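coords.cif, holding mmCIF, C-alpha atoms:
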data_input
#
loop_
_atom_site.label_atom_id
_atom_site.label_comp_id
_atom_site.auth_asym_id
_atom_site.auth_seq_id
_atom_site.Cartn_x
_atom_site.Cartn_y
_atom_site.Cartn_z
CA MET A 26 83.92 73.31 352.49
CA PHE A 27 80.85 71.09 352.10
CA VAL A 28 79.66 69.73 348.76
CA LEU A 29 76.69 67.58 347.80
CA THR A 30 77.39 64.36 345.91
CA VAL A 31 74.85 62.01 344.33
CA LEU A 32 75.66 58.33 344.67
CA GLN A 33 73.95 55.10 343.68
CA ASP A 34 74.34 51.93 345.67
CA THR A 35 72.57 48.61 346.09
CA LEU A 36 71.79 48.33 349.77
CA ARG A 37 70.90 45.17 351.63
CA ILE A 38 68.46 45.75 354.45
CA PRO A 39 69.25 43.26 357.20
CA PRO A 40 66.16 41.39 358.44
CA HIS A 41 66.20 42.97 361.90
CA ASN A 42 65.62 46.38 360.29
CA LEU A 43 62.66 45.27 358.18
CA SER A 44 60.15 46.38 360.80
CA LEU A 45 61.28 50.00 360.34
CA PRO A 46 59.83 52.30 357.67
CA LEU A 47 61.88 51.86 354.48
CA GLN A 48 63.32 55.39 354.63
CA ASP A 49 64.67 54.85 358.16
CA ALA A 50 66.04 51.41 357.37
CA LEU A 51 67.89 52.77 354.32
CA THR A 52 69.17 55.76 356.30
CA ARG A 53 70.58 53.39 358.94
CA GLN A 54 72.31 51.34 356.29
CA ILE A 55 73.80 54.41 354.57
CA CYS A 56 74.86 55.71 357.98
CA SER A 57 76.82 52.58 358.81
CA LEU A 58 78.34 52.25 355.34
CA TYR A 59 79.29 55.83 354.51
CA PHE A 60 79.37 58.24 357.46
CA ASP A 61 82.86 59.29 358.54
CA LYS A 62 84.38 57.44 355.57
CA VAL A 63 86.55 58.85 352.81
CA LEU A 64 85.40 58.18 349.25
CA LYS A 65 88.22 58.46 346.75
CA ASP A 66 88.19 61.83 344.94
CA LEU A 67 84.89 62.77 346.61
CA GLY A 68 86.04 63.61 350.13
CA LEU A 69 85.00 62.70 353.64
CA CYS A 70 81.31 61.85 354.04
CA VAL A 71 79.71 63.91 356.80
CA THR A 72 76.01 63.14 356.66
CA LEU A 73 73.06 62.18 354.46
CA TYR A 74 71.26 65.01 352.68
CA ASP A 75 68.32 63.09 351.20
CA ILE A 76 67.26 59.92 349.43
CA LYS A 77 66.20 60.67 345.86
CA ALA A 78 65.00 57.34 344.48
CA VAL A 79 64.51 53.78 345.68
CA GLU A 80 64.06 50.84 343.34
CA GLY A 81 63.94 47.08 343.61
CA GLY A 82 63.52 45.14 346.83
CA PHE A 83 64.61 41.86 345.31
CA VAL A 84 65.28 38.96 347.66
CA PHE A 85 67.98 36.60 346.41
CA PRO A 86 67.34 32.86 346.88
CA GLY A 87 68.84 31.74 350.18
CA ASP A 88 69.11 35.27 351.52
CA GLY A 89 66.63 36.67 354.01
CA ALA A 90 67.07 40.28 353.04
CA PRO A 91 65.85 42.55 350.24
CA ARG A 92 68.23 44.66 348.17
CA PHE A 93 67.29 48.13 347.01
CA THR A 94 68.98 50.26 344.40
CA VAL A 95 69.09 53.68 346.01
CA ASP A 96 70.05 57.12 344.68
CA PHE A 97 70.99 59.43 347.52
CA ARG A 98 72.77 62.68 348.19
CA LEU A 99 75.59 62.89 350.71
CA VAL A 100 77.17 65.93 352.29
CA MET A 101 80.89 65.60 351.69
CA PHE A 102 83.72 67.51 353.30
CA ARG A 103 85.80 68.37 350.24
CA PRO A 104 87.53 71.75 350.30
CA PHE A 105 88.42 73.16 346.88
CA VAL A 106 91.94 74.28 345.99
CA GLY A 107 92.28 77.92 347.03
CA GLU A 108 89.69 77.70 349.81
CA VAL A 109 90.56 79.48 353.04
CA LEU A 110 89.87 77.49 356.22
CA ILE A 111 90.48 77.99 359.91
CA ALA A 112 91.89 75.04 361.87
CA LYS A 113 93.65 74.41 365.17
CA LEU A 114 97.40 73.93 365.30
CA LYS A 115 97.86 70.48 366.76
CA THR A 116 101.54 69.62 366.54
CA CYS A 117 104.56 70.86 364.70
CA ASP A 118 108.00 69.57 363.87
CA LYS A 119 110.84 70.44 361.52
CA SER A 120 108.85 69.39 358.46
CA GLY A 121 106.06 71.89 359.17
CA LEU A 122 102.72 72.23 360.93
CA TYR A 123 99.97 69.67 361.50
CA LEU A 124 96.45 71.04 361.88
CA SER A 125 93.16 69.61 363.03
CA LEU A 126 89.76 70.77 361.83
CA GLY A 127 87.36 70.54 364.76
CA SER A 128 88.70 67.05 365.59
CA PHE A 129 86.70 65.55 362.68
CA PHE A 130 89.55 65.93 360.19
CA ASP A 131 93.19 65.71 361.27
CA ASP A 132 95.24 65.17 358.14
CA ILE A 133 96.18 68.73 357.27
CA HIS A 134 99.84 69.48 356.75
CA ILE A 135 101.57 72.80 356.10
CA PRO A 136 105.05 72.03 354.78
CA GLU A 137 107.97 74.17 355.87
CA HIS A 138 108.41 75.92 352.49
CA LEU A 139 104.80 77.17 352.50
CA LEU A 140 105.07 78.98 355.87
CA GLN A 141 105.33 82.76 356.12
CA GLN A 142 108.78 83.84 354.91
CA PRO A 143 111.16 84.00 356.73
CA SER A 144 110.14 81.39 359.31
CA THR A 145 112.47 79.35 361.48
CA PHE A 146 112.00 76.38 363.79
CA ASP A 147 112.79 77.18 367.43
CA GLU A 148 114.54 74.06 368.75
CA ASP A 149 114.10 75.00 372.44
CA GLU A 150 110.40 75.83 372.31
CA LYS A 151 109.70 73.29 369.54
CA LEU A 152 107.61 75.91 367.75
CA TRP A 153 107.75 77.69 364.42
CA VAL A 154 108.53 81.40 364.51
CA TRP A 155 107.76 83.92 361.80
CA ASN A 156 110.35 86.67 361.79
CA TYR A 157 108.18 89.67 360.89
CA ASN A 158 110.44 92.72 360.37
CA GLY A 159 112.56 91.63 363.33
CA THR A 160 109.59 90.78 365.60
CA PRO A 161 109.42 87.05 366.40
CA MET A 162 105.85 85.77 365.97
CA TYR A 163 105.40 82.37 367.60
CA MET A 164 102.91 79.85 366.21
CA ASP A 165 101.68 78.44 369.53
CA LEU A 166 99.96 75.09 369.76
CA ASP A 167 96.15 74.95 370.06
CA GLU A 168 95.79 78.34 368.39
CA ASP A 169 93.39 78.98 365.51
CA LEU A 170 95.28 79.21 362.26
CA ARG A 171 94.00 80.42 358.89
CA PHE A 172 95.40 78.62 355.84
CA ARG A 173 94.71 78.16 352.17
CA VAL A 174 94.23 74.74 350.57
CA VAL A 175 96.91 73.96 347.98
CA GLN A 176 96.25 70.32 347.29
CA VAL A 177 93.90 67.53 348.34
CA LYS A 178 95.40 64.08 347.92
CA TYR A 179 93.82 60.63 348.08
CA PRO A 180 96.81 58.28 348.39
CA PRO A 181 96.32 54.63 347.37
CA ILE A 182 95.69 52.18 350.19
CA PRO A 183 99.01 50.58 351.16
CA ILE A 184 99.29 46.83 350.71
CA GLU A 185 101.86 46.41 353.42
CA GLN A 186 102.49 48.64 356.37
CA GLU A 187 105.20 48.76 359.02
CA LYS A 188 104.20 47.58 362.48
CA ASN A 189 104.61 50.95 364.16
CA ALA A 190 103.70 53.11 361.19
CA LYS A 191 101.37 56.09 361.49
CA PRO A 192 97.74 55.20 360.80
CA PHE A 193 97.00 55.42 357.10
CA ALA A 194 95.36 58.68 356.02
CA PRO A 195 93.05 58.18 353.01
CA MET A 196 92.68 61.93 352.43
CA GLN A 197 95.43 64.49 352.97
CA ILE A 198 95.21 68.24 352.65
CA THR A 199 98.27 70.37 352.00
CA GLY A 200 97.95 73.99 353.06
CA ASP A 201 99.76 77.27 352.56
CA VAL A 202 100.10 80.17 355.00
CA ASN A 203 102.45 82.33 352.96
CA ALA A 204 100.24 85.37 352.25
CA ASP A 205 98.83 88.42 354.03
CA GLY A 206 95.97 87.43 356.33
CA LEU A 207 97.15 83.84 356.69
CA GLY A 208 98.72 82.38 359.80
CA LEU A 209 97.42 82.67 363.35
CA VAL A 210 94.02 84.38 363.40
CA ALA A 211 95.19 86.45 366.37
CA TRP A 212 97.93 88.10 364.25
CA TRP A 213 95.49 89.78 361.92
CA SER A 214 92.64 90.82 364.20
CA MET B 9 72.86 27.31 350.99
CA GLY B 10 73.46 30.64 349.36
CA ILE B 11 76.45 32.67 350.25
CA THR B 12 75.60 36.15 351.40
CA ALA B 13 78.04 38.95 351.08
CA THR B 14 77.41 42.39 352.40
CA LYS B 15 78.43 45.45 350.46
CA ALA B 16 80.74 46.71 353.17
CA THR B 17 84.20 45.58 352.27
CA ALA B 18 86.73 45.91 355.04
CA ILE B 19 90.05 47.03 353.68
CA VAL B 20 92.91 45.46 355.54
CA VAL B 21 96.66 45.85 355.56
CA ILE B 22 98.93 42.86 356.11
CA ILE B 23 101.25 43.55 359.01
CA ASP B 24 102.86 40.19 359.57
CA TYR B 25 102.56 36.58 358.38
CA TRP B 26 104.05 33.27 359.40
CA ALA B 27 103.56 29.55 358.76
CA CYS B 28 101.96 27.42 361.45
CA GLU B 29 101.83 23.64 361.53
CA ILE B 30 98.62 22.10 362.82
CA GLY B 31 98.92 18.32 362.66
CA ASP B 32 99.95 17.48 359.12
CA ALA B 33 98.64 20.63 357.54
CA CYS B 34 100.60 23.80 357.23
CA VAL B 35 98.51 26.92 357.66
CA LEU B 36 99.55 30.40 356.71
CA MET B 37 98.71 32.80 359.51
CA ILE B 38 98.26 36.45 358.65
CA THR B 39 97.99 39.40 360.99
CA VAL B 40 96.03 42.22 359.46
CA SER B 41 94.92 45.62 360.61
CA ILE B 42 91.69 47.08 359.35
CA VAL B 43 92.11 50.37 357.55
CA GLY B 44 89.01 52.24 358.52
CA ARG B 45 87.39 55.30 357.01
CA VAL B 46 87.22 53.98 353.44
CA ALA B 47 83.91 52.93 351.93
CA GLY B 48 83.44 50.88 348.78
CA GLY B 49 80.74 49.44 346.54
CA TRP B 50 79.11 52.66 345.36
CA SER B 51 78.88 54.21 341.93
CA ARG B 52 79.11 57.92 341.45
CA LEU B 53 76.27 59.67 339.65
CA GLU B 54 77.21 63.28 340.18
CA ALA B 55 80.30 64.35 342.10
CA ASN B 56 79.34 68.01 342.24
CA ALA B 57 75.64 68.31 342.91
CA GLY B 58 75.91 71.68 344.61
CA LEU B 59 77.72 73.64 347.28
CA LEU B 60 76.51 73.91 350.86
CA THR B 61 77.18 76.86 353.11
CA ASN B 62 78.33 76.07 356.63
CA CYS B 63 75.02 77.41 357.90
CA GLU B 64 73.03 74.94 355.78
CA ALA B 65 75.25 72.04 356.85
CA LEU B 66 74.78 73.08 360.46
CA GLN B 67 70.99 73.24 360.14
CA LEU B 68 70.93 69.85 358.42
CA LEU B 69 72.93 68.31 361.28
CA GLN B 70 70.63 70.01 363.74
CA SER B 71 67.58 68.53 362.03
CA ARG B 72 69.17 65.09 362.35
CA GLY B 73 69.52 65.71 366.09
CA ALA B 74 73.23 66.48 366.40
CA ASP B 75 72.55 69.25 368.94
CA LYS B 76 70.98 66.69 371.29
CA GLY B 77 73.58 64.05 370.49
CA PHE B 78 70.90 61.40 370.07
CA GLY B 79 70.45 59.20 366.99
CA VAL B 80 73.52 60.56 365.23
CA THR B 81 77.04 59.25 364.86
CA ALA B 82 79.96 60.63 366.86
CA ALA B 83 81.50 62.03 363.68
CA GLU B 84 78.40 64.12 362.96
CA CYS B 85 78.52 65.52 366.49
CA LYS B 86 82.15 66.53 365.97
CA VAL B 87 81.30 68.39 362.77
CA TYR B 88 78.36 70.03 364.55
CA ASP B 89 80.55 71.12 367.48
CA TYR B 90 83.02 72.64 365.03
CA LEU B 91 80.38 74.49 363.01
CA VAL B 92 78.56 75.92 366.03
CA LYS B 93 81.69 77.87 366.95
CA THR B 94 82.16 79.29 363.43
CA PRO B 95 80.19 82.36 362.21
CA ALA B 96 77.62 79.85 360.86
CA GLY B 97 76.54 79.23 364.46
CA SER B 98 74.71 82.55 364.63
CA GLN B 99 73.54 82.78 361.00
CA THR B 100 70.00 82.25 359.78
CA ARG B 101 68.71 81.34 356.33
CA GLU B 102 66.97 84.71 355.97
CA GLY B 103 70.18 86.56 356.85
CA LEU B 104 72.10 84.52 354.29
CA GLN B 105 69.55 85.22 351.56
CA GLU B 106 69.78 88.91 352.30
CA PHE B 107 73.56 88.66 352.17
CA PHE B 108 73.57 86.89 348.79
CA LYS B 109 71.14 89.47 347.41
CA GLY B 110 73.28 92.33 348.67
CA ALA B 111 76.47 90.72 347.38
CA GLU B 112 75.25 90.51 343.77
CA GLU B 113 76.51 93.97 342.87
CA TYR B 114 80.13 93.02 343.66
CA LYS B 115 80.16 90.42 340.85
CA LEU B 116 82.04 87.74 342.75
CA THR B 117 82.21 84.07 341.84
CA LYS B 118 80.06 81.46 343.56
CA ALA B 119 83.02 80.14 345.55
CA GLU B 120 83.83 83.66 346.74
CA TYR B 121 80.27 84.26 347.97
CA LEU B 122 80.44 80.93 349.77
CA GLN B 123 83.77 81.81 351.39
CA ALA B 124 82.52 85.21 352.44
CA SER B 125 79.45 83.72 354.12
CA ASN B 126 81.46 80.95 355.82
CA LEU B 127 84.31 83.10 357.10
CA ARG B 128 82.44 86.39 357.54
CA PRO B 129 85.44 88.69 356.92
CA SER B 130 85.62 91.74 359.19
CA THR B 131 88.85 93.31 357.89
CA ALA B 132 90.00 94.34 354.41
CA VAL B 133 92.91 91.90 354.52
CA GLU B 134 90.47 88.99 354.87
CA VAL B 135 88.47 90.19 351.86
CA HIS B 136 91.68 90.32 349.81
CA LEU B 137 92.37 86.74 350.85
CA ILE B 138 88.97 85.47 349.74
CA VAL B 139 88.56 87.47 346.53
CA GLU B 140 91.08 86.67 343.83
CA ASP B 141 92.80 89.68 342.19
CA CYS B 142 90.95 91.87 344.63
CA ASP B 143 93.05 94.95 343.79
CA GLU B 144 91.84 94.90 340.19
CA ARG B 145 88.24 93.83 340.79
CA LEU B 146 87.27 95.81 343.87
CA SER B 147 88.42 99.30 344.77
CA SER B 148 89.19 100.00 348.42
CA ALA B 149 85.91 101.95 348.71
CA LEU B 150 84.02 98.92 347.39
CA VAL B 151 85.82 96.64 349.84
CA ASP B 152 84.76 98.92 352.69
CA ARG B 153 81.16 98.89 351.42
CA PHE B 154 81.30 95.11 351.12
CA LEU B 155 82.48 94.86 354.74
CA GLY B 156 79.69 97.18 355.82
CA MET B 157 77.13 95.07 353.98
CA ILE B 158 78.46 91.89 355.68
CA ASP B 159 78.28 93.61 359.04
CA GLU B 160 74.64 94.52 358.42
CA THR B 161 73.40 91.19 357.07
CA LEU B 162 75.45 88.54 358.87
CA PRO B 163 75.60 88.44 362.68
CA PRO B 164 79.05 88.21 364.32
CA PRO B 165 80.34 84.74 365.30
CA PRO B 166 78.83 83.25 368.49
CA GLU B 167 81.98 83.94 370.54
CA LEU B 168 81.94 87.66 369.82
CA LEU B 169 78.19 87.77 370.31
CA GLU B 170 78.57 86.25 373.77
CA ASP B 171 81.34 88.70 374.60
CA ALA B 172 79.19 91.60 373.47
CA GLU B 173 76.24 90.33 375.52
CA ALA B 174 78.44 89.81 378.57
CA GLN B 175 79.72 93.36 378.20
CA LYS B 176 76.18 94.66 377.87
CA GLU B 177 75.12 92.76 380.98
CA GLU B 178 78.09 94.13 382.89
CA ALA B 179 77.21 97.63 381.77
CA VAL B 180 73.59 97.10 382.92
CA ILE B 181 74.75 95.75 386.30
CA LYS B 182 77.11 98.69 386.70
CA ALA B 183 74.36 101.13 385.77
CA ASP B 184 72.03 99.44 388.28
CA GLU B 185 74.65 99.66 390.98
CA GLU B 186 75.19 103.31 390.25
CA ASP B 187 71.44 103.93 390.30
CA GLY B 188 71.17 102.04 393.58
CA GLY B 189 74.10 104.00 395.00
CA SER B 190 72.63 107.36 394.05
CA GLY B 191 69.16 106.34 395.38
CA GLN B 192 70.42 105.57 398.89
#
Since I need it in another form, could you write the structure as structure tokens?
Amino acid sequence: MFVLTVLQDTLRIPPHNLSLPLQDALTRQICSLYFDKVLKDLGLCVTLYDIKAVEGGFVFPGDGAPRFTVDFRLVMFRPFVGEVLIAKLKTCDKSGLYLSLGSFFDDIHIPEHLLQQPSTFDEDEKLWVWNYNGTPMYMDLDEDLRFRVVQVKYPPIPIEQEKNAKPFAPMQITGDVNADGLGLVAWWS
Amino acid sequence: MGITATKATAIVVIIDYWACEIGDACVLMITVSIVGRVAGGWSRLEANAGLLTNCEALQLLQSRGADKGFGVTAAECKVYDYLVKTPAGSQTREGLQEFFKGAEEYKLTKAEYLQASNLRPSTAVEVHLIVEDCDERLSSALVDRFLGMIDETLPPPPELLEDAEAQKEEAVIKADEEDGGSGQ
């Protein structure tokens, strides 16, 4: 689920942070630039692991702030394909299920064709039902659901967006629940 | 005067635009919305510098102060709140080391060890889910032994632990009541 990634960046320490120890000032800067952001192909940045090297400290003419070239390690949320995760079922519609991972990551989709077979959408209850040997198994909202990662996508940033469009998701996970042990956690315990 | 530019580039999406006349000049007005959660300006040195278990991530967040909610971002707190409820919430580094030592004999891949420690399987069906081609690689006796080893080295998730403690307390209270009843 979590992976370390080494990055290099030239950070500008704003003058009001110059009274802090260098390590703290850099940490603050990395925090504001990277935390809770998606880096393309690297995943969602969770936190800073450590700072490996700091170089420079050059002040450009006309600028009241030094710039440091910093090598640092970030903890990224980047599940690998085939990883099994447990998330909460947030909403569902005809196209499948939408899950949320501890409210820090919401863009998980289980498309209809990757649900347990045979599954049908109950129009009255607005829930998906797995027909297990004649027993209807409802996938209730807010239940823990175990799924396997099939694909992690980083769609390009749209240039134009409709006025009422869904907020853009820079990282999307597609999941699969069509195997023994997958689906609601309560089914298998 | 020098022009200063910070590294943080806001990425915006154009929603609407129109022309606006101010005096003689015609100005193009643009409405944009900021697309958050994307960072830029970095260069990648090593994408895969190592895997972290949930327990390690949790302890790192704890050391940054996520359990007190002070000096950390809201996003870190959310991750912390999620991890505390997973089996990682009751794991210790020593327990994990013992687990990885004990798991060597099953010849699993790194990712499979990681999954086993993060999810802490308690039934055979969960082991089959984590371990690829489990039927060929592990016999059912080995799967049972693997489950036993997990049970010994890794504590149950915090929820179950609380339940077990609550049950124990209830049993103690009951026993006390019975003792008190028989004493009178």
Write down, as a CSV table (one decimal) with C-alpha atoms, in the frame of the given file, each residue of chain A that has any atom within 7 Å of an atom of chain B, counting all atoms listed in the file.
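Result file is part_11.csv:
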chain,number,residue,atom,x,y,z
A,27,PHE,CA,80.8,71.1,352.1
A,28,VAL,CA,79.7,69.7,348.8
A,29,LEU,CA,76.7,67.6,347.8
A,30,THR,CA,77.4,64.4,345.9
A,31,VAL,CA,74.8,62.0,344.3
A,32,LEU,CA,75.7,58.3,344.7
A,33,GLN,CA,74.0,55.1,343.7
A,34,ASP,CA,74.3,51.9,345.7
A,58,LEU,CA,78.3,52.2,355.3
A,59,TYR,CA,79.3,55.8,354.5
A,61,ASP,CA,82.9,59.3,358.5
A,62,LYS,CA,84.4,57.4,355.6
A,63,VAL,CA,86.6,58.8,352.8
A,64,LEU,CA,85.4,58.2,349.2
A,67,LEU,CA,84.9,62.8,346.6
A,71,VAL,CA,79.7,63.9,356.8
A,72,THR,CA,76.0,63.1,356.7
A,86,PRO,CA,67.3,32.9,346.9
A,87,GLY,CA,68.8,31.7,350.2
A,88,ASP,CA,69.1,35.3,351.5
A,127,GLY,CA,87.4,70.5,364.8
A,128,SER,CA,88.7,67.0,365.6
A,129,PHE,CA,86.7,65.6,362.7
A,183,PRO,CA,99.0,50.6,351.2
A,184,ILE,CA,99.3,46.8,350.7
A,185,GLU,CA,101.9,46.4,353.4
A,186,GLN,CA,102.5,48.6,356.4
A,187,GLU,CA,105.2,48.8,359.0
A,188,LYS,CA,104.2,47.6,362.5
A,205,ASP,CA,98.8,88.4,354.0
A,206,GLY,CA,96.0,87.4,356.3
Exercise for the section: Can you work out which one of B:Ile158, B:Ala96, B:Ser71, B:Val139 has the shortest atom-to-atom distance to Phe108 (chain B), counting only C-alpha atoms? Expected result: B:Ile158
Problem - Å distance separating CA of Ile181 (chain B) from CA of Ser214 (chain A), one decimal place - result: 28.9 Å
Exercise for the section: In the coordinate frame of the file, compute which residues have an atom within 12 Å of (71.5, 82.9, 360.8) when using all atoms listed in the file, and state them as number ranges by chain. Expected result: B: 61-64, 66-67, 92, 94-107, 125-126, 128, 161-166
Taking C-alpha atoms for each residue, export the selection above as a CSV table (one decimal), in the frame of the given file.
chain,number,residue,atom,x,y,z
B,61,THR,CA,77.2,76.9,353.1
B,62,ASN,CA,78.3,76.1,356.6
B,63,CYS,CA,75.0,77.4,357.9
B,64,GLU,CA,73.0,74.9,355.8
B,66,LEU,CA,74.8,73.1,360.5
B,67,GLN,CA,71.0,73.2,360.1
B,92,VAL,CA,78.6,75.9,366.0
B,94,THR,CA,82.2,79.3,363.4
B,95,PRO,CA,80.2,82.4,362.2
B,96,ALA,CA,77.6,79.8,360.9
B,97,GLY,CA,76.5,79.2,364.5
B,98,SER,CA,74.7,82.6,364.6
B,99,GLN,CA,73.5,82.8,361.0
B,100,THR,CA,70.0,82.2,359.8
B,101,ARG,CA,68.7,81.3,356.3
B,102,GLU,CA,67.0,84.7,356.0
B,103,GLY,CA,70.2,86.6,356.8
B,104,LEU,CA,72.1,84.5,354.3
B,105,GLN,CA,69.6,85.2,351.6
B,106,GLU,CA,69.8,88.9,352.3
B,107,PHE,CA,73.6,88.7,352.2
B,125,SER,CA,79.4,83.7,354.1
B,126,ASN,CA,81.5,81.0,355.8
B,128,ARG,CA,82.4,86.4,357.5
B,161,THR,CA,73.4,91.2,357.1
B,162,LEU,CA,75.4,88.5,358.9
B,163,PRO,CA,75.6,88.4,362.7
B,164,PRO,CA,79.0,88.2,364.3
B,165,PRO,CA,80.3,84.7,365.3
B,166,PRO,CA,78.8,83.2,368.5
Exercise for the section: List every protein, DNA or RNA residue that has at least one atom no more than 9 Å from (102.1, 90.1, 364.7) in the file's coordinates, counting all atoms listed in the file, and write the result as number ranges by chain. Expected result: A: 155, 157, 160-163, 209, 211-213
Problem - Nearest to Met101 (chain A), chosen from A:Glu137, A:Asp118, A:Asp149, A:Asp66, with all atoms listed in the file counted in the distances - result: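 Of the candidates, the smallest distance to Met101 (chain A) is held by A:Asp66.
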Handout entry: Nearby residues (only C-alpha atoms) at most 12 Å from region 39-50 of chain A, same-chain spacing under 4 positions excluded, as a list in words
Key =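 Final neighbour list, sorted by chain and number: Gln54, Ile55, Cys56, Ser57, Leu73, Asp75, Ile76, Lys77, Ala78, Val79, Glu80, Gly82, Val84, Asp88, Gly89, Ala90, Pro91, Arg92, Phe93, Val95 and Phe97 of chain A; Thr12, Ala13, Thr14, Lys15, Arg72 and Gly79 of chain B.
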Handout entry: Residues within 10 Å of Val210 (chain A), only C-alpha atoms, excluding chain neighbours under 4 positions, as a VMD selection string
Key = chain A and resid 111 to 112 168 to 172 206 214
Exercise for the section: Go through A:Leu122, A:Leu110, A:Arg98, A:Ile198 and flag the residue nearest Asp167 (chain A), using only C-alpha atoms for the distances. Expected result: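 That would be A:Leu122, the residue with the smallest distance to Asp167 (chain A).
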Handout entry: Point-to-point distance in Å for CA of Asp75 (chain B) and CA of Ile133 (chain A)
Key =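 Atom-to-atom, CA of Ile133 (chain A) to CA of Asp75 (chain B), that is 26.4 Å.
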Handout entry: Selection result of the PyMOL selection byres ((chain A and resi 145) around 8) on this file, as a PyMOL selection string
Key = chain A and resi 143-144+146-147+153-156
